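**Student:** Sharing entry_28.txt, compact mmCIF, C-alpha atoms:
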```txt
# COMPACT_ATOMS: atom_id res chain seq x y z
CA MET A 25 -19.89 -3.72 24.65
CA THR A 26 -20.31 -7.22 26.12
CA ALA A 27 -19.00 -10.14 24.09
CA PHE A 28 -21.29 -13.10 24.68
CA VAL A 29 -20.23 -16.74 24.61
CA ARG A 30 -22.19 -18.30 21.76
CA ASN A 31 -22.61 -21.86 20.52
CA GLN A 32 -23.53 -22.93 24.04
CA TRP A 33 -26.53 -24.22 25.97
CA TYR A 34 -28.22 -21.72 28.29
CA VAL A 35 -31.08 -22.04 30.77
CA ALA A 36 -34.17 -20.32 29.38
CA ALA A 37 -36.62 -21.30 32.11
CA TYR A 38 -37.47 -23.78 34.80
CA SER A 39 -39.48 -26.71 33.45
CA ALA A 40 -42.41 -25.70 35.64
CA GLU A 41 -42.48 -22.24 34.04
CA VAL A 42 -43.20 -23.53 30.55
CA GLY A 43 -46.74 -24.64 29.81
CA ARG A 44 -49.30 -24.09 27.09
CA GLU A 45 -49.20 -20.32 27.54
CA LEU A 46 -46.63 -18.34 25.56
CA LEU A 47 -43.53 -17.32 27.52
CA GLY A 48 -41.07 -14.73 26.25
CA ARG A 49 -37.38 -14.64 27.20
CA THR A 50 -34.38 -12.87 25.67
CA ILE A 51 -31.08 -14.77 25.65
CA LEU A 52 -27.83 -13.24 24.38
CA GLY A 53 -29.93 -10.55 22.74
CA GLU A 54 -32.16 -13.05 20.93
CA PRO A 55 -35.90 -12.82 21.77
CA ILE A 56 -37.40 -16.31 22.17
CA VAL A 57 -40.96 -17.55 22.73
CA LEU A 58 -41.52 -20.87 24.48
CA PHE A 59 -44.51 -23.14 24.99
CA ARG A 60 -45.34 -26.84 25.27
CA ALA A 61 -46.76 -28.82 22.36
CA GLU A 62 -50.15 -30.37 22.98
CA ALA A 63 -49.41 -33.89 21.78
CA ASP A 64 -46.25 -34.79 23.69
CA GLY A 65 -45.60 -31.84 26.00
CA ALA A 66 -42.26 -31.10 24.36
CA VAL A 67 -40.98 -27.55 24.73
CA VAL A 68 -41.04 -25.48 21.53
CA ALA A 69 -38.68 -22.49 21.25
CA LEU A 70 -39.04 -20.07 18.35
CA SER A 71 -37.78 -16.61 17.50
CA ASP A 72 -40.10 -14.18 19.24
CA ARG A 73 -40.58 -11.81 16.30
CA CYS A 74 -43.07 -12.12 13.44
CA VAL A 75 -41.33 -11.85 10.06
CA HIS A 76 -43.91 -9.34 8.85
CA ARG A 77 -43.57 -6.33 11.19
CA ARG A 78 -41.52 -7.85 14.06
CA PHE A 79 -44.45 -8.05 16.47
CA PRO A 80 -43.58 -10.19 19.55
CA LEU A 81 -45.11 -13.63 19.19
CA SER A 82 -45.02 -14.05 22.97
CA GLU A 83 -47.64 -11.27 23.09
CA SER A 84 -49.82 -13.08 20.54
CA ARG A 85 -51.99 -16.19 20.90
CA ARG A 86 -51.95 -19.91 20.32
CA ASP A 87 -54.29 -21.81 18.03
CA GLY A 88 -53.59 -25.41 18.97
CA ASP A 89 -49.84 -25.78 18.42
CA ARG A 90 -49.67 -22.78 16.12
CA ILE A 91 -48.89 -19.19 17.07
CA VAL A 92 -51.08 -16.52 15.50
CA CYS A 93 -49.38 -13.13 15.41
CA GLY A 94 -51.41 -10.65 17.41
CA TYR A 95 -50.79 -7.86 14.93
CA HIS A 96 -51.65 -9.13 11.42
CA GLY A 97 -52.40 -12.84 11.87
CA PHE A 98 -49.31 -14.49 10.34
CA THR A 99 -49.43 -18.03 11.70
CA TYR A 100 -46.48 -20.33 12.53
CA ASP A 101 -46.17 -24.04 13.29
CA THR A 102 -43.80 -25.61 15.80
CA THR A 103 -40.94 -25.67 13.29
CA GLY A 104 -41.19 -21.92 12.73
CA ALA A 105 -42.68 -22.25 9.25
CA CYS A 106 -45.42 -19.77 8.34
CA VAL A 107 -48.57 -21.71 7.43
CA TYR A 108 -50.99 -18.84 6.92
CA VAL A 109 -50.74 -15.30 5.55
CA PRO A 110 -53.84 -13.09 5.67
CA GLY A 111 -55.34 -11.95 2.38
CA GLN A 112 -53.47 -14.33 0.05
CA GLN A 113 -52.95 -18.02 -0.60
CA ARG A 114 -49.28 -17.86 -1.53
CA ILE A 115 -46.95 -17.95 1.46
CA PRO A 116 -43.62 -16.21 0.78
CA ARG A 117 -40.66 -18.55 0.77
CA THR A 118 -38.90 -16.52 3.45
CA ALA A 119 -41.89 -16.49 5.77
CA ARG A 120 -40.50 -18.46 8.69
CA VAL A 121 -39.03 -17.73 12.09
CA GLY A 122 -36.02 -19.43 13.62
CA ALA A 123 -36.45 -22.55 15.75
CA TYR A 124 -34.09 -23.37 18.62
CA SER A 125 -32.82 -26.73 19.87
CA VAL A 126 -34.29 -27.43 23.31
CA TYR A 127 -33.42 -29.99 25.96
CA GLU A 128 -35.00 -30.54 29.37
CA GLN A 129 -32.78 -31.85 32.13
CA ASP A 130 -32.73 -31.60 35.92
CA SER A 131 -35.97 -29.53 35.89
CA LEU A 132 -34.32 -26.90 33.65
CA VAL A 133 -35.14 -25.94 30.05
CA TRP A 134 -31.92 -25.49 28.10
CA VAL A 135 -31.82 -23.70 24.74
CA TRP A 136 -28.93 -23.78 22.28
CA ILE A 137 -27.80 -20.31 21.28
CA GLY A 138 -25.51 -20.14 18.27
CA ASP A 139 -24.81 -21.35 14.79
CA ALA A 140 -22.81 -24.53 15.26
CA GLU A 141 -24.86 -27.69 14.81
CA PRO A 142 -25.65 -30.28 15.85
CA ALA A 143 -26.31 -29.12 19.40
CA ASP A 144 -25.21 -32.05 21.55
CA PRO A 145 -27.22 -32.29 24.80
CA LYS A 146 -24.45 -34.45 26.29
CA THR A 147 -22.46 -31.24 26.76
CA ILE A 148 -25.08 -29.75 29.10
CA PRO A 149 -23.75 -29.54 32.69
CA ARG A 150 -25.66 -31.46 35.32
CA ALA A 151 -27.50 -30.42 38.48
CA PRO A 152 -29.31 -33.69 39.30
CA HIS A 153 -30.29 -32.66 42.83
CA LEU A 154 -32.83 -30.24 41.33
CA ALA A 155 -35.00 -33.16 40.24
CA ASP A 156 -34.01 -35.73 42.90
CA PRO A 157 -36.95 -36.69 45.18
CA ALA A 158 -34.45 -37.23 48.02
CA TRP A 159 -33.85 -33.46 48.03
CA THR A 160 -36.30 -30.60 48.54
CA THR A 161 -35.70 -27.49 46.41
CA VAL A 162 -36.87 -23.89 46.54
CA ARG A 163 -36.18 -21.72 43.52
CA GLY A 164 -36.76 -18.47 41.72
CA MET A 165 -35.45 -16.12 39.04
CA GLU A 166 -34.54 -12.45 39.20
CA PRO A 167 -33.51 -10.25 36.26
CA ILE A 168 -30.55 -8.01 37.04
CA ASP A 169 -29.69 -4.80 35.20
CA ALA A 170 -25.99 -5.58 35.19
CA ASP A 171 -23.39 -7.26 33.01
CA TYR A 172 -23.45 -11.02 33.51
CA LEU A 173 -19.72 -10.97 34.32
CA LEU A 174 -20.53 -9.01 37.47
CA LEU A 175 -22.80 -11.86 38.59
CA VAL A 176 -20.04 -14.38 37.88
CA ASP A 177 -17.62 -12.30 39.98
CA ASN A 178 -20.18 -12.06 42.78
CA LEU A 179 -20.69 -15.81 42.98
CA MET A 180 -17.04 -16.79 42.67
CA ASP A 181 -15.97 -14.68 45.67
CA LEU A 182 -18.12 -15.53 48.69
CA SER A 183 -16.19 -13.25 51.05
CA HIS A 184 -18.84 -10.65 50.27
CA GLU A 185 -21.25 -12.72 52.38
CA THR A 186 -19.63 -11.26 55.50
CA TYR A 187 -20.41 -7.69 54.48
CA LEU A 188 -23.37 -7.76 52.09
CA HIS A 189 -25.27 -10.64 53.70
CA GLY A 190 -24.41 -10.21 57.38
CA GLY A 191 -27.30 -11.38 59.54
CA TYR A 192 -28.45 -13.76 56.80
CA ILE A 193 -25.72 -16.10 55.53
CA GLY A 194 -22.58 -14.10 56.27
CA THR A 195 -20.29 -14.39 59.31
CA PRO A 196 -16.79 -13.02 59.96
CA GLU A 197 -15.17 -16.39 59.26
CA VAL A 198 -16.23 -16.39 55.59
CA ALA A 199 -14.08 -13.37 54.77
CA GLU A 200 -11.24 -14.39 57.10
CA THR A 201 -10.75 -17.96 55.83
CA PRO A 202 -8.30 -18.44 52.93
CA ILE A 203 -9.51 -20.15 49.78
CA SER A 204 -8.08 -22.89 47.59
CA THR A 205 -8.62 -22.72 43.82
CA GLU A 206 -8.41 -25.36 41.10
CA VAL A 207 -8.80 -24.55 37.41
CA ASP A 208 -9.45 -27.02 34.60
CA GLU A 209 -9.01 -24.82 31.54
CA GLY A 210 -9.82 -27.62 29.09
CA ALA A 211 -13.12 -28.51 30.73
CA GLY A 212 -13.98 -24.89 31.50
CA ILE A 213 -14.39 -25.57 35.23
CA VAL A 214 -13.23 -23.50 38.20
CA ARG A 215 -13.39 -24.86 41.75
CA VAL A 216 -13.03 -22.63 44.80
CA SER A 217 -13.14 -24.09 48.32
CA ARG A 218 -13.34 -22.50 51.73
CA HIS A 219 -13.47 -24.82 54.77
CA MET A 220 -14.15 -23.26 58.17
CA ASP A 221 -13.51 -25.58 61.14
CA ASP A 222 -15.06 -23.38 63.82
CA ALA A 223 -17.49 -20.71 62.65
CA GLU A 224 -20.52 -18.81 63.81
CA CYS A 225 -23.76 -20.38 62.60
CA PRO A 226 -25.66 -17.80 60.51
CA PRO A 227 -29.47 -17.57 60.76
CA PHE A 228 -29.87 -19.30 57.37
CA TYR A 229 -28.57 -22.55 58.89
CA ALA A 230 -29.46 -22.05 62.56
CA ARG A 231 -33.16 -21.72 61.80
CA SER A 232 -33.31 -24.46 59.15
CA THR A 233 -31.17 -27.12 60.89
CA GLY A 234 -31.78 -26.35 64.56
CA ILE A 235 -28.04 -26.09 65.32
CA THR A 236 -27.58 -23.79 68.34
CA GLY A 237 -23.79 -23.64 68.65
CA ARG A 238 -20.81 -23.06 66.40
CA ILE A 239 -20.35 -25.08 63.24
CA SER A 240 -17.90 -26.61 60.84
CA ARG A 241 -18.82 -24.99 57.52
CA TRP A 242 -17.62 -26.04 54.08
CA GLN A 243 -18.23 -24.09 50.87
CA ASP A 244 -17.12 -25.84 47.69
CA ILE A 245 -17.84 -23.92 44.50
CA GLU A 246 -17.96 -25.61 41.10
CA TYR A 247 -18.41 -23.19 38.21
CA GLN A 248 -18.98 -24.75 34.78
CA ALA A 249 -18.53 -22.03 32.19
CA PRO A 250 -20.35 -20.26 30.83
CA CYS A 251 -23.53 -20.59 32.81
CA LEU A 252 -23.87 -23.15 35.62
CA TYR A 253 -22.70 -22.53 39.17
CA LEU A 254 -22.96 -25.06 42.00
CA LEU A 255 -22.16 -24.41 45.64
CA HIS A 256 -21.82 -27.64 47.59
CA SER A 257 -22.41 -26.59 51.19
CA ARG A 258 -21.86 -28.71 54.31
CA VAL A 259 -22.52 -27.65 57.89
CA ALA A 260 -22.16 -29.70 61.06
CA PRO A 261 -21.83 -28.96 64.77
CA VAL A 262 -18.22 -28.36 65.77
CA GLY A 263 -16.70 -31.72 66.77
CA ALA A 264 -19.01 -33.84 64.60
CA PRO A 265 -17.21 -36.65 62.74
CA PRO A 266 -15.97 -35.81 59.23
CA PRO A 267 -17.34 -37.63 56.17
CA GLY A 268 -16.45 -41.32 56.07
CA PRO A 269 -14.19 -42.86 53.42
CA ASP A 270 -17.31 -44.09 51.60
CA GLY A 271 -18.77 -40.59 51.49
CA SER A 272 -21.26 -41.15 54.31
CA ASP A 273 -21.86 -37.99 56.31
CA SER A 274 -24.91 -38.49 58.51
CA HIS A 275 -23.79 -35.98 61.13
CA ALA A 276 -23.89 -33.06 58.69
CA PHE A 277 -26.53 -31.02 56.86
CA HIS A 278 -26.06 -30.54 53.13
CA THR A 279 -27.38 -27.90 50.75
CA GLU A 280 -26.78 -27.65 47.03
CA ILE A 281 -27.06 -24.03 45.91
CA THR A 282 -27.49 -23.66 42.16
CA TYR A 283 -27.27 -20.62 39.92
CA ALA A 284 -27.91 -20.61 36.19
CA ILE A 285 -26.35 -17.44 34.79
CA THR A 286 -28.10 -16.54 31.54
CA PRO A 287 -27.07 -13.30 29.81
CA SER A 288 -30.21 -11.65 28.47
CA ALA A 289 -28.95 -8.57 26.65
CA GLU A 290 -26.28 -5.91 26.95
CA GLY A 291 -26.10 -5.07 30.66
CA ARG A 292 -28.85 -7.49 31.67
CA VAL A 293 -28.77 -11.04 33.05
CA TYR A 294 -31.26 -13.63 34.30
CA ASP A 295 -30.32 -14.94 37.75
CA PHE A 296 -31.91 -18.38 38.15
CA TRP A 297 -31.35 -19.52 41.76
CA ALA A 298 -32.22 -22.65 43.69
CA VAL A 299 -31.50 -24.08 47.14
CA SER A 300 -31.79 -27.85 47.57
CA ARG A 301 -31.49 -29.64 50.92
CA ASP A 302 -31.21 -33.23 52.15
CA PHE A 303 -32.65 -32.54 55.62
CA ALA A 304 -36.18 -31.78 56.85
CA VAL A 305 -37.30 -32.57 53.32
CA ASP A 306 -40.98 -32.79 54.27
CA ASP A 307 -41.03 -29.81 56.63
CA GLU A 308 -43.09 -27.09 54.95
CA GLU A 309 -42.09 -24.53 57.59
CA VAL A 310 -38.41 -25.03 56.72
CA THR A 311 -39.24 -24.87 53.01
CA THR A 312 -41.09 -21.57 53.40
CA PHE A 313 -38.31 -20.12 55.55
CA LEU A 314 -35.57 -21.06 53.09
CA ARG A 315 -37.54 -19.76 50.11
CA ASP A 316 -38.25 -16.39 51.72
CA PHE A 317 -34.85 -16.04 53.38
CA ASN A 318 -32.86 -16.91 50.28
CA HIS A 319 -34.97 -14.58 48.17
CA LYS A 320 -33.93 -11.75 50.50
CA VAL A 321 -30.27 -12.76 50.03
CA VAL A 322 -30.68 -12.85 46.25
CA MET A 323 -32.31 -9.41 46.25
CA GLN A 324 -29.37 -8.04 48.25
CA ASP A 325 -27.13 -9.24 45.41
CA VAL A 326 -29.51 -7.82 42.80
CA ASP A 327 -29.51 -4.39 44.45
CA ALA A 328 -25.73 -4.42 44.85
CA LEU A 329 -25.04 -5.42 41.25
CA ASN A 330 -27.53 -2.90 39.86
CA LEU A 331 -25.77 -0.21 41.90
CA LEU A 332 -22.32 -1.43 40.83
CA GLN A 333 -23.30 -1.39 37.15
CA ARG A 334 -24.50 2.18 37.42
CA ALA A 335 -21.30 3.18 39.22
CA LEU A 336 -19.08 1.51 36.61
CA ALA A 337 -20.91 3.38 33.86
CA THR A 338 -19.56 6.63 35.28
CA GLU A 339 -15.94 5.47 35.54
CA PRO A 340 -13.40 7.11 33.20
CA GLU A 341 -12.09 5.00 30.33
CA GLY A 342 -8.98 3.06 31.27
CA TYR A 343 -9.93 2.51 34.93
CA GLN A 344 -7.82 -0.32 36.39
CA GLU A 345 -9.27 -2.79 38.90
CA LEU A 346 -7.34 -3.93 41.96
CA SER A 347 -7.51 -7.69 42.49
CA ILE A 348 -6.34 -9.72 45.51
CA ASN A 349 -6.16 -13.38 46.57
CA ILE A 350 -9.92 -13.78 47.02
CA ASP A 351 -10.38 -12.90 43.35
CA THR A 352 -8.40 -15.91 42.07
CA GLY A 353 -11.47 -17.94 41.17
CA GLY A 354 -13.28 -15.03 39.55
CA LEU A 355 -10.25 -14.11 37.46
CA ALA A 356 -9.93 -17.72 36.30
CA ALA A 357 -13.59 -17.71 35.29
CA ARG A 358 -13.04 -14.50 33.32
CA ARG A 359 -10.10 -16.06 31.44
CA ILE A 360 -12.15 -19.11 30.50
CA LEU A 361 -15.08 -16.96 29.35
CA ALA A 362 -12.72 -14.80 27.27
CA ASP A 363 -11.29 -17.92 25.63
CA LEU A 364 -14.79 -19.27 24.91
CA THR A 365 -15.82 -15.93 23.42
CA VAL A 366 -13.08 -15.99 20.78
CA ALA A 367 -13.10 -19.77 20.23
CA LYS A 368 -14.29 -21.03 16.87
CA PRO A 369 -17.30 -23.40 16.92
```
When written as structure tokens, how does the structure in this file appear?
**Tutor:**
Amino acid sequence: MTAFVRNQWYVAAYSAEVGRELLGRTILGEPIVLFRAEADGAVVALSDRCVHRRFPLSESRRDGDRIVCGYHGFTYDTTGACVYVPGQQRIPRTARVGAYSVYEQDSLVWVWIGDAEPADPKTIPRAPHLADPAWTTVRGMEPIDADYLLLVDNLMDLSHETYLHGGYIGTPEVAETPISTEVDEGAGIVRVSRHMDDAECPPFYARSTGITGRISRWQDIEYQAPCLYLLHSRVAPVGAPPPGPDGSDSHAFHTEITYAITPSAEGRVYDFWAVSRDFAVDDEEVTTFLRDFNHKVVMQDVDALNLLQRALATEPEGYQELSINIDTGGLAARRILADLTVAKP
């Protein structure tokens, strides 16, 4: 059975997903209903089960900023307190649902899952490019019927691009190039880098940047446990000048690829994905291409992880994995997640 990392912030939705309508999500096995308050637009997150007969509040209705249970009419305010019970004036003292701490940042809605309070939003990892007008972002979310650790493994080892995503983002050089790994156990951060000096340009970049020849391709992963993954990607024509000492890099094309890894329940995870770019930012054709193309790549991962989860379910107890050099970053991420799971709040 999966041990989740609690007392942490997790992404529940993109900001644009949450409006006045009721939205249901399940995070670490906890059903949550989200909506925006009418007065200030703040996101409200409550337990998604009526205290009476456990009917999902996300399948109920709003009355102003109150949720009216669609089964028997129990009504809750934005704090989770029950303010109306049908057929009687006295409201039972225990008639309330849990309310969650919420924070919006970088176009993401973060919800605190756990018991330790106060929930400090300063501990939320950043992805500022998602809300930066200098970047254009395409995004989506796919639920996967697999353990969230399998998604972490998938993202930490990009050599699978060569085999699973060939013809999209994968080329032979990705699997052939050695990686470097840095681990900051205290901060819960793993960095994995793969720099390719002379590589084939995959269709993902050829069609979005216009590069026709071979490229210098850098992939710098930054995983911030338990749930935020950033891939800082740089491509440039072979022979283009490297970044300057001041960080200037006008000869290259940059993408920031973001994944928010949110465990939903046992054997189920939300895969929030986004691709941000600093080139052709106003080109709708490039935007449409990257959205559609990356969705195909994500669905290749979804299908592979669903298949892998089903295969693992048939393995005999005590099966031992074989790990190699390319697994260094993924193994480090597992160690950090294991430490966070047993850590006291």
**Student:** Using all atoms listed in the file, pick whichever of A:Ile203, A:Ala61, A:Val176, A:Val322 has the shortest atom-to-atom distance to Leu355 of chain A.
**Tutor:** A:Val176
**Student:** Calculated over all atoms listed in the file, which of the candidates A:Arg77, A:Arg114, A:Arg334, A:Arg215 has the smallest distance to His96 of chain A?
**Tutor:** A:Arg77
**Student:** Write out as a list in words which residues come within 12 Å of Gly88 of chain A when counting all atoms listed in the file, dropping same-chain ones fewer than 6 positions away.
**Tutor:**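 Skipping anything fewer than 6 positions along the chain leaves Arg44, Glu45, Leu46, Phe59, Arg60, Ala61, Glu62, Ala63, Thr99, Tyr100, Asp101 and Thr102 of chain A.
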**Student:** What separation in Å, quoted to one decimal, exists between atom CA of Ala276 of chain A and atom CA of Val259 of chain A?
**Tutor:**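 The value is 5.6 Å.
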**Student:** Which residues come within 8 Å of segment 277-286 of chain A, counting only C-alpha atoms, excluding same-chain residues fewer than 2 positions away, as a PyMOL selection string?
**Tutor:** chain A and resi 34-36+51-52+151+153+172+175-176+233+250-260+274-275+288+293-303
**Student:** Generate a file of the selected residues that holds C-alpha atoms, formatted as a PDB file, keeping the file's coordinate frame.
**Tutor:**
```
ATOM      1  CA  TYR A  34     -28.220 -21.720  28.290  1.00  0.00           C
ATOM      2  CA  VAL A  35     -31.080 -22.040  30.770  1.00  0.00           C
ATOM      3  CA  ALA A  36     -34.170 -20.320  29.380  1.00  0.00           C
ATOM      4  CA  ILE A  51     -31.080 -14.770  25.650  1.00  0.00           C
ATOM      5  CA  LEU A  52     -27.830 -13.240  24.380  1.00  0.00           C
ATOM      6  CA  ALA A 151     -27.500 -30.420  38.480  1.00  0.00           C
ATOM      7  CA  HIS A 153     -30.290 -32.660  42.830  1.00  0.00           C
ATOM      8  CA  TYR A 172     -23.450 -11.020  33.510  1.00  0.00           C
ATOM      9  CA  LEU A 175     -22.800 -11.860  38.590  1.00  0.00           C
ATOM     10  CA  VAL A 176     -20.040 -14.380  37.880  1.00  0.00           C
ATOM     11  CA  THR A 233     -31.170 -27.120  60.890  1.00  0.00           C
ATOM     12  CA  PRO A 250     -20.350 -20.260  30.830  1.00  0.00           C
ATOM     13  CA  CYS A 251     -23.530 -20.590  32.810  1.00  0.00           C
ATOM     14  CA  LEU A 252     -23.870 -23.150  35.620  1.00  0.00           C
ATOM     15  CA  TYR A 253     -22.700 -22.530  39.170  1.00  0.00           C
ATOM     16  CA  LEU A 254     -22.960 -25.060  42.000  1.00  0.00           C
ATOM     17  CA  LEU A 255     -22.160 -24.410  45.640  1.00  0.00           C
ATOM     18  CA  HIS A 256     -21.820 -27.640  47.590  1.00  0.00           C
ATOM     19  CA  SER A 257     -22.410 -26.590  51.190  1.00  0.00           C
ATOM     20  CA  ARG A 258     -21.860 -28.710  54.310  1.00  0.00           C
ATOM     21  CA  VAL A 259     -22.520 -27.650  57.890  1.00  0.00           C
ATOM     22  CA  ALA A 260     -22.160 -29.700  61.060  1.00  0.00           C
ATOM     23  CA  SER A 274     -24.910 -38.490  58.510  1.00  0.00           C
ATOM     24  CA  HIS A 275     -23.790 -35.980  61.130  1.00  0.00           C
ATOM     25  CA  SER A 288     -30.210 -11.650  28.470  1.00  0.00           C
ATOM     26  CA  VAL A 293     -28.770 -11.040  33.050  1.00  0.00           C
ATOM     27  CA  TYR A 294     -31.260 -13.630  34.300  1.00  0.00           C
ATOM     28  CA  ASP A 295     -30.320 -14.940  37.750  1.00  0.00           C
ATOM     29  CA  PHE A 296     -31.910 -18.380  38.150  1.00  0.00           C
ATOM     30  CA  TRP A 297     -31.350 -19.520  41.760  1.00  0.00           C
ATOM     31  CA  ALA A 298     -32.220 -22.650  43.690  1.00  0.00           C
ATOM     32  CA  VAL A 299     -31.500 -24.080  47.140  1.00  0.00           C
ATOM     33  CA  SER A 300     -31.790 -27.850  47.570  1.00  0.00           C
ATOM     34  CA  ARG A 301     -31.490 -29.640  50.920  1.00  0.00           C
ATOM     35  CA  ASP A 302     -31.210 -33.230  52.150  1.00  0.00           C
ATOM     36  CA  PHE A 303     -32.650 -32.540  55.620  1.00  0.00           C
TER      37      PHE A 303
END
```
**Student:** With distances taken over all atoms listed in the file, which of A:Ser232, A:Leu81, A:Leu182, A:Asp177 is nearest to Asp307 of chain A?
**Tutor:** A:Ser232
**Student:** Name the closest residue to Val133 of chain A among the candidates A:Val67, A:Val29, A:Ala230, A:Met323; distances are taken between atoms, counting all atoms listed in the file.
**Tutor:**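 Result for the nearest residue to Val133 of chain A: A:Val67.
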**Student:** Determine the nearest neighbour of Pro142 of chain A from the options A:Val57, A:Leu331, A:Ala362, A:Val126, counting all atoms listed in the file.
**Tutor:**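 The shortest atom-to-atom distance to Pro142 of chain A comes from A:Val126.
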**Student:** Write out as a list in words the residues lying within 7 Å of Asp169 of chain A, counting only C-alpha atoms and excluding same-chain residues fewer than 6 positions away.
**Tutor:**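 Non-adjacent residues within range: Gly291, Arg292, Val293 and Asn330 of chain A.
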**Student:** Please list as a PyMOL selection string every residue within 10 Å of Ile115 of chain A, counting only C-alpha atoms and excluding residues in the same chain fewer than 4 positions away.
**Tutor:** chain A and resi 98+105-110+119-120
**Student:** Atom CA of Gln32 of chain A and atom CA of Gly212 of chain A, how far apart in Å?
**Tutor:** 12.3 Å
**Student:** Name the closest residue to Pro287 of chain A among the candidates A:Ser84, A:Thr311, A:Ser39, A:Thr50; distances are taken between atoms, counting only C-alpha atoms.
**Tutor:**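 Going through A:Ser84, A:Thr311, A:Ser39, A:Thr50 one by one, the smallest distance to Pro287 of chain A is for A:Thr50.
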**Student:** Quick one: residues within 9 Å of Val310 of chain A, all atoms listed in the file, excluding same-chain residues fewer than 4 positions away - as number ranges by chain?
**Tutor:** A: 231-233, 304-306, 314-315
**Student:** Go ahead and write the residues just picked, C-alpha atoms, as an mmCIF file, in the frame of the given file.
**Tutor:**
```cif
data_model
loop_
_atom_site.group_PDB
_atom_site.id
_atom_site.type_symbol
_atom_site.label_atom_id
_atom_site.label_comp_id
_atom_site.auth_asym_id
_atom_site.auth_seq_id
_atom_site.Cartn_x
_atom_site.Cartn_y
_atom_site.Cartn_z
ATOM 1 C CA ARG A 231 -33.160 -21.720 61.800
ATOM 2 C CA SER A 232 -33.310 -24.460 59.150
ATOM 3 C CA THR A 233 -31.170 -27.120 60.890
ATOM 4 C CA ALA A 304 -36.180 -31.780 56.850
ATOM 5 C CA VAL A 305 -37.300 -32.570 53.320
ATOM 6 C CA ASP A 306 -40.980 -32.790 54.270
ATOM 7 C CA LEU A 314 -35.570 -21.060 53.090
ATOM 8 C CA ARG A 315 -37.540 -19.760 50.110
#
```
**Student:** Would you mind reading off the distance between atom CA of Ser71 of chain A and atom CA of Ala140 of chain A, one decimal, in Å?
**Tutor:**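 Those two atoms sit 17.1 Å apart.
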**Student:** List as a list of chain:residue names the residues having at least one atom at most 12 Å from position (-5.5, -11.1, 47.6) as given in the file, counting only C-alpha atoms.
**Tutor:**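 With a cut-off of 12 Å, the residues come to A:Asp181, A:Ser183, A:Ala199, A:Glu200, A:Thr201, A:Pro202, A:Ile203, A:Leu346, A:Ser347, A:Ile348, A:Asn349, A:Ile350, A:Asp351, A:Thr352, A:Gly353, A:Gly354, A:Leu355.
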**Student:** Around all the atoms of segment 250-266 of chain A listed in the file, with 5 Å of room on each side, what axis-aligned box do you get, giving centre and edge lengths in Å to one decimal, as AutoDock Vina command-line options?
**Tutor:**
```
--center_x -19.9 --center_y -28.5 --center_z 48.8 --size_x 17.9 --size_y 26.4 --size_z 45.9
```
**Student:** Got a sec to check which residues sit within 6 Å of (-42.4, -22.9, 29.7), counting all atoms listed in the file, and write them as a list in words?
**Tutor:**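 Within the cut-off we find Glu41, Val42, Gly43, Leu58 and Phe59 of chain A.
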